[in-house]
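These notes concern the structure reproduced below.
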Amino acid sequence: MLHAQDKPVIVQSDKTLLLEVHAQEFAQARDDIAPFSELIKSPEHFHTYRLTPLSLWNASSAGITCEKVISRLNRWSKYPVPQSIEHFIRDTASRYGMLYLSEGPDGQTLCLNCTSDLLYQQLLHYPVLKKLLTPVGGRVFHLHLLHRGQIKIHLIKLGYPVEDLVPLSKGAHHPITLRSVTASGREFSLRDYQYEAVQAFLGQQQPSPGLGYGTVVMPCGSGKTVIGIGIMERLKTQTLIITTNTAAVHQWIDELLDKTTVAESDIGEYTGARKEMRPITVCTYQILTWRPDRESDFPHFKLVTEHDWGLIIYDEVHLLPAPVFKVTSEIQAVMRLGMTATLVREDHREDEVFSLIGPKRYDIPWKELEQKGWIAEAVCTEIRLPLPEHLEIPYAVAGRAEKFRIASENPNKKTAVAQIIENHQEDHILVIGQYIRQLKELAEVLHAPLITGKVANAKREELYAQFRKGDIHVLVVSKVANFAIDLPDASVAIQVSGTFGSRQEEAQRLGRILRPKKRNAHFYNLVTRFTSEEQFAANRQHFLTEQGYQYQMEMWDG
Amino acid sequence: MDNTAVLLETFFKSLTDDQLLYLYGIYLGEVPTPFHKKLLIDELVRFFSLPQTADAMASLLDNEDMEIITLVHHLNMTDSRRLHEILSLRGWGWMQLSRKLMNLSERLVIIAVRGNYVLHPLITDRVSLVLDQLYQRHSPIAEPCWFTPSLLTAWLFLAEHHRRLFTTQGKLKIQFSETVKRMIPDRITVDQLNLLARTADHLGLIATGTRELSLNHDRITSLFSLGEDQVLLYGLASLMNRSDSDPRKLSALLQFCREHSFYRQDMIALMMIHFGCTLEEAEQTLDFCSESAIISCSGDTYSFGAVLDMLLQPPGPDPECTLSADLRIHVDGAETSIRWFQLYRCAQLVTFDRMAILRLTEESVLTCLDEGMGLEEMIRLIEEITGTKMQESTSKIISNWVEGYHALKLFEGVVLQCDQRLSRMITGHPGLSEMVQDQLAPGIFLVSPRNLDLLRSTLTKAGVPFIPRVIRTKSAEPQGKADEFHRIEYPMFAHVEHPSHEVPSTRITDDLKSLLKHYSREVQLELSYRIDQRLMLSAEQLRRSSKRRTIFEAKGFDYQGKLQLIRQAIKSPSDILELSLRGKEQEPILVKPTELFREKTGDILEGIIIPEDTKVNLAVGKLFMVRKIRRPLYLQ
């Protein structure tokens with residue numbers, strides 16, 4: 001038996017669980033607490049998990065009772081578990097199952113069943129629910145199929161999760177098998193953690209109630225696409241994949257053709273350029289949310305709602321646009337998989353992602369995959385440069401936003417970028433920035449091609465292909481390359497400017513160079529000294545430092 | 001001359017001739033005439049210093065004697081009122097105690113020194129005087145004690161970094177209750193937080209005479225230099241005995257209580273014994289302590305168990321303290337106070353809980369510099385605490401802050417000194433240059449103190465980070481000396497071995513009574529009384545005392561004898577009467593007779609009951625027994 005002092009978990013009264021990374025029993029403790037808590041951050045010494053209502057309800061849905069939760073905490077906790085936490089766990093877990101959805105009298109109606117009179121009365125008087133729920137007696141309400149998502153969101157906000165016992169639609173059958181050797185000739189199988197993620201999403205057998213929807217959070221370059229494909233293979237159903245841009249659409253198609261036996265004719269591209277509806281269709285958020293004018297409906301929503309999909313995959317789910325939230329709330333009968341590296345939304349709508357797509361089903365610290373060699377080891381360096389003298393006064397008199405821009409476009413960065421590139425002759429280098437003027441200048445100085453939103457998709461893909469082949473050594477890219485672009489050989493990223501303090505942008509940009517490769521990845525962040533850019537940089541790095549990344553800091557003279 | 005002899009000699013010298021001769025007569029027999037007082041004292045000292053005398057005295061102690069002498073031993077120099085206050089909790093009456101004290105005084109088991117009693121030193125070595133035999137122990141109670149040095153430290157952190165939340169006395173401003181609860185989640189109530197403030201105040205950790213809450217850092221450093229257990233004792237003592245904090249007394253109480261609980265009355269008595277407080281104060285303190293969970297209360301028993309558990313814990317490993325790349329410092333372990341205290345100057349408290357989390361911020365680091373700590377010193381301190389070398393990136397972040405800090409200095413609000421970059425900015429920036437009255441030298445500017453706020457805001461707008469610094473106001477009143485906290489004798493938790501006391505042996509009494517048959521009836525009566533009173537310790541003493549022929553007692557139908565004794569006592573200021581009203585079954589009373597007069601019903605004795613000082617008229621015919629005794633020593 002472990003001595004209390006050797007136990008690896010500290011249960012704090014604010015519902016956080018601190019897990020000591022260097023403890024002997026770290027792995028066992030993590031496996032025990034992860035099913036009922038959310039990983040918040042994983043820096044080098046202590047990983048922080050948090051008990052949330054959602055995490056506890058997920059645990060309840062997976063059959064982990066509150067007694068089990070408490071006993072696991074007692075087992076691993078170095079200090080006595082605070083009584084308030086025990087109370088919180090019991091109180092929260094007891095709410096699970098008080099409301100459940102079941103099939104209604106017809107195909108368009110569902111039943112919301114209430115196990116408590118008090119709660120039933122409460123719901124009767126909740127103004128927003130009054131409009132959506134029709135009381136039919138016996139502590140049962142009827143609701144329209146389309147309101148299923150909305151009701152769930154409202155009730156979860158009230159503190160009552162709805163156990164959705166209405167079977168999810170299986171969708172139209174479509175066979176799909178994983179190859180053991182990819183079309184490109186490499187051996188292929190799911191990695192351990194990818195297999196675990198698939199299991200976490202679907203369960204051991206076919207998805208039971210409470211499974212089949214949710215989010216998988218994995219670092220960039222760790223093979224999220226493969227997890228999506230693994231789930232598709234298990235479900236063997238028609239699938240809609242929604243991703244961020246056309247290049248990502250093509251990458252998905254390429255991956256499906258490379259790793260599965262699906263025929264090319266069964267895979268459709270639904271983008272601005274092509275509108276193909278096939279058993280497996282890949283589209284962009286942009287096309288879904290396109291409409292002729294602000295008053296019109298979204299004509300392409302029918303792609304989502306009017307087809308018998310068995311699975312919808314939301315790639316880079318943290319970017320889910322607001323209109324897609326709405327349509328997603330209407331398709332709660334379909335299995336939904338969200339995937340992202342950074343479930344950090346600058347608009348703080350993470351909760352809605354959880355409610356509509358589903359809770360976080362799998363998460364793994366970045367550093368753990370790095371240690372196992374599944375993603376590249378990254379060296380992050382922040383280089384601080386002075387502002388040229390001639391810009392000091394313009395900077396001082398400028399407004400807040402303008403200050404940031406002056407600092408971001410610091411001309412000294414051009415010299416610094418050139419110097420870094422010279423130091424990495426053997427590497428494939430991405431120069432990433434925010435401001436087109438700055439990027440143009442850099443492309444000119446570096447004699448490197450530039451990809452921005454204005455570059456046609458075909459041209460972009462051509463340049464990406466050349467970069468992958470090694471024909472291009474340096475590529476200057478704007479934020480269009482922030483997400484979902486697979487450039488396996490890129491090993492150096494130089495960030496010259498970014499979107500203020502966006503944490504997910506920094507992480508996603510690092511993600512561009514995390515595909516495992518023979519050499520270490522280097523991520524450079526250029527920051528102007530004694531300007532507001534320093535503070536924004538610190539904010540941007542927040543997510544990554546919480547994942548255990550350490551920024552080396554260098555002061556350059558410019 | 002040993003201590004026992006010195007004490008006895010001092011005592012005998014303090015007696016009047018009457019009292020001295022009375023004692024001499026009891027223990028050593030007839031007083032030689034003419035007598036030499038010094039020689040009599042020497043003889044008495046010798047007699048009461050003999051081991052066999054002490055053995056006999058000890059063997060004649062009964063349970064009531066033991067109760068009193070145990071208390072006298074623990075209270076050290078106590079008077080009869082104090083003893084009564086404590087023994088009344090065990091059901092003792094005032095008269096009962098007075099008679100017992102008188103008897104013990106005459107037996108010299110307790111010795112009165114300037115109105116206070118001490119124990120005969122040779123008795124101390126011969127009987128067990130542990131309080132255990134008086135106060136019944138119950139099973140331990142495992143209740144957590146909310147007060148810990150760590151909590152006190154947490155409060156100091158809050159007070160240091162969030163002084164706006166508190167009044168100048170350290171009391172939490174009610175509107176910030178929620179804010180504080182977020183910082184100290186679920187660990188402590190607002191009331192307890194305010195009690196911590198009071199503790200800090202009593203311990204002199206809060207500076208006085210300031211406009212805002214300000215801490216006395218010298219005192220804090222002094223306190224925390226003592227270590228966890230010592231801080232705990234100081235803090236608890238301050239909380240428990242609020243007006244007169246004495247951790248030594250608490251330490252003694254803890255030592256006694258160890259791991260058990262006591263009935264309320266017993267706990268109050270123990271507090272009175274150890275704190276030296278009155279009954280009322282002890283009751284109030286007990287209620288206060290049980291309300292604030294310093295003393296655990298379960299049903300009708302009270303305990304210090306949890307506090308003792310904390311003190312008894314063997315010193316654990318050093319607290320684990322780590323500094324992560326995100327500049328957060330995690331401090332694990334109960335004995336963290338000192339570490340935190342060292343840290344608090346350069347790190348900000350994020351959460352105080354089972355694990356405390358602090359964060360290095362630009363503001364906290366620069367505040368630390370304001371206080372005179374150098375960058376290298378700060379880095380060294382953090383490295384010492386974390387036990388690892390600071391990562392280069394972290395030290396560079398801190399260095400960068402410090403460089404910015406040193407780039408601009410404002411002296412006395414009028415002279416601005418800055419580096420080249422800022423100098424260029426000040427001369428080139430239209431808003432800033434307007435505020436400069438003169439340039440004294442490269443990088444040194446004269447500015448108007450009237451424009452200070454404007455200067456600051458313009459600098460901030462220009463992107464020169466202006467870190468609001470904490471201005472430390474020194475107390476207007478002199479601070480307590482930093483060396484005021486002393487190391488307290490740590491409670492010894494092992495049971496102290498004392499020879500155990502047995503029920504008084506009747507062997508000596510029986511042996512002595514068997515010798516009485518050799519004496520006349522009058523002498524027998526007197527000697528029998530003295531044996532019963534346990535004033536007789538040996539056959540030799542019996543033989544010597546038998547030479548006295550004075551009659552002291554009259555009872556039954558000896559009406560004239562009673563009148564005779566009453567008249568003698570009225571005449572002699574040093575004599576009083578012991579009167580039994582209705583036979584032996586009733587407790588006799590002590591009376592100083594003042595007058596004897598006759599009424600129709602018979603002779604009436606007028607007197608004052610001792611020690612109650614109440615006037616009384618008694619019919620002589622109703623007195624069963626009258627005994628004249630020398631005014632007892634304790635009534636001097």
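Residue numbering restarts at 1 for every chain of the structure tokens, chains are lettered A, B, ... in their displayed order, and ligands are numbered from 1 as they appear.
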
Query - Shell around Asn74 in chain A at 12 Å using only C-alpha atoms, local window under 3 positions removed, as a ChimeraX atom specification - result: /A:2,4,7-11,17,29,32-33,67-71,77-83,85-86

Query raised in the report: Skipping near chain neighbours, those fewer than 5 positions away, what residues fall within 7 Å of range 184-200 of chain B using only C-alpha atoms, listed as a PyMOL selection string?
Result: (chain A and resi 13-14) or (chain B and resi 152+155+170-172+177+205-206+235+238-239+351-353)

Go through chain A and flag each residue having an atom no more than 7 Å from chain B; for those, report the closest pair of atoms plus their distance in Å to one decimal, using only C-alpha atoms, ordered by chain and rising number, as a tab-separated table.
```
residue	atom	partner	partner_atom	distance
A:Ile10	CA	B:Arg354	CA	7.0
A:Gln12	CA	B:Arg354	CA	6.0
A:Ser13	CA	B:Pro185	CA	5.5
A:Asp14	CA	B:Pro185	CA	5.6
A:Pro43	CA	B:Ser324	CA	6.7
A:Glu44	CA	B:Ser324	CA	6.4
A:His45	CA	B:Ser324	CA	6.7
A:Glu392	CA	B:Met425	CA	6.7
A:Ile393	CA	B:His429	CA	5.9
A:Ala396	CA	B:Ala462	CA	4.0
A:Val397	CA	B:Ala462	CA	5.9
A:Thr531	CA	B:Gly463	CA	6.2
A:Ser532	CA	B:Gly463	CA	7.0
A:Thr545	CA	B:Asp326	CA	5.4
A:Glu546	CA	B:Asp326	CA	6.4
A:Gln550	CA	B:Ala325	CA	5.7
A:Tyr551	CA	B:Ser393	CA	6.1
A:Gln552	CA	B:Ser393	CA	4.8
A:Met553	CA	B:Ser393	CA	5.2
```

Query - Backbone-only DSSP, strand (DSSP E or B) members of range 29-58 of chain A, as a list in words - result: Glu38, Leu39, Ile40, Lys41, Phe46, His47, Thr48, Tyr49 and Arg50 of chain A

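Pairwise distance (CA of Val109 in chain B, CA of Asp65 in chain B) equals 9.0 Å.
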
Requested in this report: Could you give me the residues within range 187-377 of chain B that DSSP places in alpha helix (DSSP H), as a ChimeraX atom specification?
Outcome: /B:190-202,217-224,228-240,247-257,264-275,279-291,305-312,337-343,362-370,375-377

Query raised in the report: Hey, what's within 9 Å of Trp252 in chain A if we count only C-alpha atoms and toss same-chain stuff fewer than 5 positions away? As a list in words, please?
Result: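 Residues meeting the cut-off are Thr225, Ile241, Thr243, Ala247, Leu257 and Val282 of chain A.
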
Go ahead and save the picked residues with N, CA and C atoms, as a CSV table (one decimal), in the first residue's frame.
```csv
chain,number,residue,atom,x,y,z
A,225,THR,N,-6.8,12.5,-38.0
A,225,THR,CA,-7.5,12.0,-39.2
A,225,THR,C,-7.7,10.5,-39.1
A,241,ILE,N,-17.7,14.7,-43.6
A,241,ILE,CA,-16.6,15.2,-42.9
A,241,ILE,C,-16.6,16.7,-43.2
A,243,THR,N,-14.5,20.2,-42.8
A,243,THR,CA,-13.1,20.7,-42.3
A,243,THR,C,-13.0,22.1,-42.7
A,247,ALA,N,-7.8,22.8,-49.0
A,247,ALA,CA,-6.6,22.0,-49.0
A,247,ALA,C,-6.8,20.8,-48.0
A,257,LEU,N,-8.1,7.5,-49.3
A,257,LEU,CA,-7.7,6.7,-50.4
A,257,LEU,C,-6.4,5.9,-50.0
A,282,VAL,N,-16.7,15.1,-48.2
A,282,VAL,CA,-15.8,16.0,-47.4
A,282,VAL,C,-16.1,17.5,-47.8
```

**Report entry** Non-local contacts of Ile86 in chain B (10 Å; only C-alpha atoms; under 4 positions in same chain excluded) as JSON, numbers by chain
**Finding:** {"B": [71, 81, 82, 90, 91, 92, 265, 266, 268, 269, 270, 271, 272, 273, 278, 279]}
